[in-house]
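One structure is given below, encoded as structure tokens.
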Amino acid sequence: MTAYLFKRLAIALATLIVASVVVFAVLEVLPGDPARIMLGMNASPEALESLREQMGMNQPLITRYLNWISGMAIGDFGRSYTYSSPVIELIAERITVSLPLAIMSLLLSTIIAIPVGIFAASRRGKLADTISMGAAQVGVAVPNFWFALLLIYIFAVALRLVPAGGFPGWGDWWQALKALILPAVALALPQAAILARVTRSAMLDVLGEDYIRTAHAKGMPRHIVLWRHALRNAMIPVLTVLGLQFAFLLAGTIIIENVFYLPGLGRLVFQAITQRDLIVVEGVVMLLVASVVAVNLIVDLLYAVVDPRLRAR
Amino acid sequence: MGSFKSILGATAILLATSTAVFAARTDLVLGLVLEPPHLDPTAGAAAAIDEVVYANVFEGLTRIGPNGEVEPALAESWEVSDDGKTYTFKLHDGVKFHDGSSFDAEDVKFSLDRARAADSTNAQKVLFEAIENVEVVDPQTVKVTLSRPQGAFLYNMGWGDAVIVAPESADGNKEKPIGTGPFKFQNWAKGSSITIVKNPDYWGEPVALEKAEFRIIPDAAAAIPAMLSGDVQAFPNMPAGDALPQIQADPRFEVVIGATEGETILSTNNKKEPFDNLKVRQAIAHALDRDAIIAGASEGGYGVPIGSHFSPANEAYVDLTDTYPHDVEKAKELMKEAGLENGFKATIKLPPPSYARQGGEIIASQLREIGIELEIIPVEWAQWLEQVFTNKDYDLSIVSHTEPNDIEIYSRPDYYFNYQNPEFNKVIEELDTTTDQAKRNELYKQAQTILAKDAVNGFLFELPKIGVWDAKLEGMWENSPVQANDLTAVKWTE
């Protein structure tokens with residue numbers, strides 16, 4: 001188990017280093033001068049030059065890379081060109097929205113999807129299966145911004161139960177939760193649909209195995225066969241998909257963040273790209289790389305928990 | 001117990017109605033499409049900075065009023081010397097910055113010297129170019145000496161980039177702006193909202209609002225439900241899109257179509273073949289159908305046609321839209337005279353705003369009629385600034401020039417239009433040294449006419465300002481002569 005763990009950790013670290021080089025190189029070749037974007041069309045050449053000097057953009061590329069990477073190692077992500085506040089603060093602020101939102105929608109989608117998937121698998125080919133998988137098909141097909149707008153018009157404009165958008169901060173946690181509930185539902189729907197389909201097909205694979213027939217044959221109750229024997233073995237593909245979904249939910253939610261004007265990570269990185277606030281983009285992207293790596297690492301470790309055979313490798 | 005409850009209930013109702021009668025609301029939530037990158041108007045060009053802080057948090061010596069007029073602000077009065085080179089400003093007494101430090105002539109000197117210093121990062125450094133010296137006469141008097149008379153000097157001092165800041169707090173203004181205005185900065189939840197509150201120690205007329213929150217709503221699809229649900233009560237510059245009729249039909253809202261300083265033009269590279277040929281530019285001008293462009297590319301179809309680079313809201317405006325009226329036959333003739341009857345190929349680089357992307361497609365189809373095949377190249381703002389604006393690597397582009405009174409850009413030697421006309425430059429030079437308003441208006445008219453005749457760019461339309469706010473709200477700006485949301489006169493009527 002220890003060898004397995006160390007191997008996984010080493011792979012994770014190597015991924016991070018390679019990613020940092022790629023991220024830095026790709027962003028540096030983007031056209032566009034941050035100073036010009038900040039000062040606009042009327043700016044004089046001297047003012048532009050002073051600003052570039054202030055932002056440290058006149059240093060050679062390699063110096064800037066080394067400064068950046070060594071800063072990050074000690075938790076200093078640099079200072080935003082546009083906001084002129086530390087990148088780490090910007091990220092920290094945004095994470096207080098993005099992380100709870102990701103967790104809420106992931107929980108929501110898991111709670112809906114796994115029982116539905118198992119249920120559909122156990123009723124394979126029957127009406128209940130057709131209906132639930134039909135619903136999942138619709139869930140995958142519906143664009144989530146459209147679903148989000150539908151939710152807004154029903155619950156915010158017509159019923160006035162929740163705000164139409166925005167985020168009031170965690171000072172009042174009830175208001176904060178209310179502000180996140182519609183976006184969480186809008187995000188959870190397509191995720192739940194995918195997850196339900198994956199759960200169903202994984203369950204079907206397992207349900208065809210000999211040991212399941214044996215369990216049935218020896219008279220074990222149906223629900224115990226399903227939940228104890230089948231589900232545990234069907235978990236590996238389900239965990240893989242869950243891991244991917246969590247990484248997506250952390251930053252791939254830009255459209256939903258826009259519709260609900262939430263100050264999340266997705267919008268931060270989008271804004272930073274259009275303003276060529278490269279240091280922020282680099283910081284956020286690295287953080288996302290790190291979180292994807294971390295999630296994969298956790299999923300790898302969970303595989304080992306679910307499937308003891310993997311521990312030996 | 002029952003009677004106690006009903007007394008309680010009656011009191012509650014009484015309280016509720018009495019507050020409704022005697023005290024109007026004093027809070028306001030405004031929608032803002034773009035978040036400002038920071039809050040220091042002296043260190044950035046983003047319009048969103050001024051949209052929050054101008055006149056609310058920061059004040060200059062002068063200020064620009066709702067219809068573009070120059071009004072006194074921190075300077076209560078001024079005298080101009082006969083040669084037009086010395087301005088003596090008399091400052092208001094008893095003015096304090098929001099951090100409690102007092103305001104005097106030293107702060108004015110500091111602010112102006114900082115803006116024109118060698119290492120200044122002021123986005124509008126040109127505004128301060130003519131200043132030769134700033135002298136503190138006494139704490140309430142400051143004398144500004146110019147190297148040459150400058151007709152627009154008092155107007156220039158009213159820009160957001162010329163606001164007065166204190167040496168103690170200037171460096172922190174990006175994060176925590178400290179000015180002298182009637183509102184104090186309270187909080188900025190990045191990506192979400194900016195809150196300002198009433199400044200109880202304000203030197204001038206106190207404002208009616210206790211608190212105003214600017215909420216950042218980048219998406220047009222989100223702006224509509226935000227207004228409909230009452231979360232946001234005013235959207236001074238609303239991206240209403242196709243939903244505008246729905247809001248106009250709703251009696252809860254007032255929809256006001258106002259003017260801006262945004263001249264939307266088909267920018268043309270005047271040095272590049274064949275656009276260096278006046279006949280080709282005239283042909284393009286004749287080929288453009290402004291009505292169709294406005295209907296398809298301006299917000300709600302409310303753009304006002306322009307025939308030169310000047311705002312119709314300005315008193316010096318002349319209508320030159322008929323200089324080269326829409327006439328495809330005439331355009332083809334001119335193409336023939338230019339030896340291009342078989343047409344030519346060119347590119348058009350379009351920045352992200354919808355007026356550009358949609359306008360580009362309409363213009364491409366209009367120019368196709370006279371044989372000009374345009375290849376449409378969509379670009380981001382960053383790319384636009386680099387390729388088109390800085391490197392002048394373009395044939396045609398569409399952009400809105402939103403700086404107020406910016407006709408002088410056509411006289412700049414290196415500007416991206418690549419246009420040079422000594423006759424025009426002479427008018428601008430004269431304008432620069434003329435202070436008499438009637439004379440200035442006359443010169444502005446000459447300048448507009450020269451540009452229209454030269455067909456420097458395709459002059460399309462003035463961007464409309466679509467303001468939507470609660471019908472019970474009073475005092476919002478109808479037009480935007482400067483990019484600002486001045487809340488000093490805003491109040492709820494009930």
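The chains in the structure tokens are called A, B, ... from first to last as shown; in each chain the residues are counted from 1, and the ligands are counted from 1 in the order shown.
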(request) Please return, as an MDAnalysis selection string, all residues of chain A lying within 6 Å of chain B when only C-alpha atoms are considered. (result) chainID A and resid 31:32 38:40 42:43 47 50:51 82:83 157 164 258:259 261 263
Give me a file of those residues, with C-alpha atoms, as an mmCIF file, in the first residue's frame.
```
data_model
loop_
_atom_site.group_PDB
_atom_site.id
_atom_site.type_symbol
_atom_site.label_atom_id
_atom_site.label_comp_id
_atom_site.auth_asym_id
_atom_site.auth_seq_id
_atom_site.Cartn_x
_atom_site.Cartn_y
_atom_site.Cartn_z
ATOM 1 C CA PRO A 31 -1.230 38.358 -28.030
ATOM 2 C CA GLY A 32 -2.194 41.488 -26.127
ATOM 3 C CA MET A 38 -5.577 48.825 -18.470
ATOM 4 C CA LEU A 39 -4.829 52.292 -19.776
ATOM 5 C CA GLY A 40 -6.952 52.196 -22.906
ATOM 6 C CA ASN A 42 -5.844 57.408 -25.029
ATOM 7 C CA ALA A 43 -2.778 56.362 -23.049
ATOM 8 C CA ALA A 47 2.443 56.054 -19.224
ATOM 9 C CA SER A 50 5.871 53.204 -16.592
ATOM 10 C CA LEU A 51 3.078 50.744 -15.992
ATOM 11 C CA THR A 82 -5.574 44.706 -12.742
ATOM 12 C CA TYR A 83 -6.947 44.259 -9.225
ATOM 13 C CA VAL A 157 -39.364 36.129 -10.690
ATOM 14 C CA ALA A 164 -32.543 35.907 -9.157
ATOM 15 C CA ASN A 258 -22.755 34.245 -15.578
ATOM 16 C CA VAL A 259 -26.453 33.486 -15.574
ATOM 17 C CA TYR A 261 -23.794 36.428 -11.680
ATOM 18 C CA PRO A 263 -18.391 35.527 -8.166
#
```
(request) Pick out each residue of region 146-251 of chain B that DSSP on the backbone tags as strand (DSSP E); I need them as a list of chain:residue names. (result) B:Leu146, B:Phe183, B:Lys184, B:Phe185, B:Gln186, B:Asn187, B:Trp188, B:Ala189, B:Ser193, B:Ile194, B:Thr195, B:Ile196, B:Val197, B:Lys198, B:Lys211, B:Ala212, B:Glu213, B:Phe214, B:Arg215, B:Ile216, B:Ala234, B:Phe235
Written selection (N, CA and C atoms) as a compact mmCIF listing (two decimals), in the first residue's frame:
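Once written, result.txt looks like this:
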```
# COMPACT_ATOMS: atom_id res chain seq x y z
N LEU B 146 -0.38 77.50 -17.57
CA LEU B 146 -0.29 76.64 -18.74
C LEU B 146 0.81 77.14 -19.67
N PHE B 183 -20.40 60.34 -1.17
CA PHE B 183 -20.49 58.94 -0.76
C PHE B 183 -19.10 58.44 -0.38
N LYS B 184 -19.09 57.53 0.61
CA LYS B 184 -17.84 56.89 1.02
C LYS B 184 -17.84 55.45 0.53
N PHE B 185 -16.67 54.98 0.17
CA PHE B 185 -16.56 53.59 -0.20
C PHE B 185 -16.74 52.73 1.05
N GLN B 186 -17.53 51.64 0.92
CA GLN B 186 -17.69 50.78 2.08
C GLN B 186 -17.09 49.40 1.87
N ASN B 187 -17.47 48.77 0.77
CA ASN B 187 -17.08 47.37 0.63
C ASN B 187 -17.06 46.97 -0.84
N TRP B 188 -16.12 46.09 -1.19
CA TRP B 188 -16.08 45.56 -2.54
C TRP B 188 -15.95 44.05 -2.44
N ALA B 189 -17.04 43.36 -2.70
CA ALA B 189 -16.99 41.90 -2.77
C ALA B 189 -16.64 41.57 -4.21
N SER B 193 -20.16 42.69 -5.94
CA SER B 193 -20.77 44.01 -5.80
C SER B 193 -19.84 45.00 -5.11
N ILE B 194 -20.14 46.28 -5.32
CA ILE B 194 -19.40 47.37 -4.68
C ILE B 194 -20.41 48.23 -3.95
N THR B 195 -20.16 48.52 -2.69
CA THR B 195 -21.13 49.28 -1.90
C THR B 195 -20.52 50.61 -1.46
N ILE B 196 -21.31 51.68 -1.66
CA ILE B 196 -20.90 52.98 -1.14
C ILE B 196 -22.01 53.48 -0.21
N VAL B 197 -21.62 54.24 0.81
CA VAL B 197 -22.61 54.76 1.75
C VAL B 197 -22.48 56.27 1.87
N LYS B 198 -23.52 56.88 2.38
CA LYS B 198 -23.56 58.34 2.51
C LYS B 198 -22.41 58.83 3.40
N LYS B 211 -27.34 54.46 1.06
CA LYS B 211 -26.50 53.35 0.64
C LYS B 211 -26.79 53.00 -0.81
N ALA B 212 -25.76 52.77 -1.57
CA ALA B 212 -25.96 52.33 -2.96
C ALA B 212 -25.02 51.17 -3.23
N GLU B 213 -25.58 50.15 -3.85
CA GLU B 213 -24.78 48.97 -4.17
C GLU B 213 -24.75 48.80 -5.68
N PHE B 214 -23.54 48.68 -6.23
CA PHE B 214 -23.40 48.39 -7.65
C PHE B 214 -23.22 46.89 -7.79
N ARG B 215 -24.19 46.22 -8.38
CA ARG B 215 -24.09 44.77 -8.49
C ARG B 215 -23.66 44.40 -9.90
N ILE B 216 -22.67 43.54 -9.99
CA ILE B 216 -22.10 43.23 -11.30
C ILE B 216 -22.87 42.08 -11.94
N ALA B 234 -32.18 49.63 -10.59
CA ALA B 234 -31.78 50.53 -11.67
C ALA B 234 -30.68 49.90 -12.49
N PHE B 235 -30.80 50.03 -13.79
CA PHE B 235 -29.76 49.55 -14.70
C PHE B 235 -29.45 50.71 -15.65
```
(message) So that I can see what lies close to Arg197 (chain A), please list as a VMD selection string the residues with an atom at most 10 Å from it, counting only C-alpha atoms and leaving out residues fewer than 3 positions away in the same chain.
(response) chain A and resid 113 to 114 116 to 118 120 to 121 132 to 133 136 to 137 140 192 to 194 200 to 203 238
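Using only C-alpha atoms, the nearest neighbour of Asp395 (chain B) within the list B:Thr449, B:Thr323, B:Asn133, B:Asn270 is B:Asn270.
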Val490 (chain B): which residues within 10 Å, counting only C-alpha atoms, same-chain residues fewer than 6 positions away excluded, as an mmCIF file with C-alpha atoms, in the first residue's frame?
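So the final result, stored in part-v9.cif, reads:
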```cif
data_model
loop_
_atom_site.group_PDB
_atom_site.id
_atom_site.type_symbol
_atom_site.label_atom_id
_atom_site.label_comp_id
_atom_site.auth_asym_id
_atom_site.auth_seq_id
_atom_site.Cartn_x
_atom_site.Cartn_y
_atom_site.Cartn_z
ATOM 1 C CA THR B 26 -32.866 55.274 1.010
ATOM 2 C CA LEU B 28 -30.519 51.445 -4.091
ATOM 3 C CA VAL B 207 -27.369 63.169 -0.756
ATOM 4 C CA ALA B 208 -30.739 61.476 -0.252
ATOM 5 C CA LEU B 209 -29.484 57.897 -0.509
ATOM 6 C CA LEU B 473 -36.761 56.628 -8.677
ATOM 7 C CA GLU B 474 -35.834 60.206 -9.477
ATOM 8 C CA GLY B 475 -32.657 61.989 -10.513
ATOM 9 C CA MET B 476 -30.917 59.341 -12.617
ATOM 10 C CA TRP B 477 -28.870 60.650 -15.554
#
```
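The coordinates place CA of Ala364 (chain B) at 15.5 Å from CA of Lys332 (chain B).
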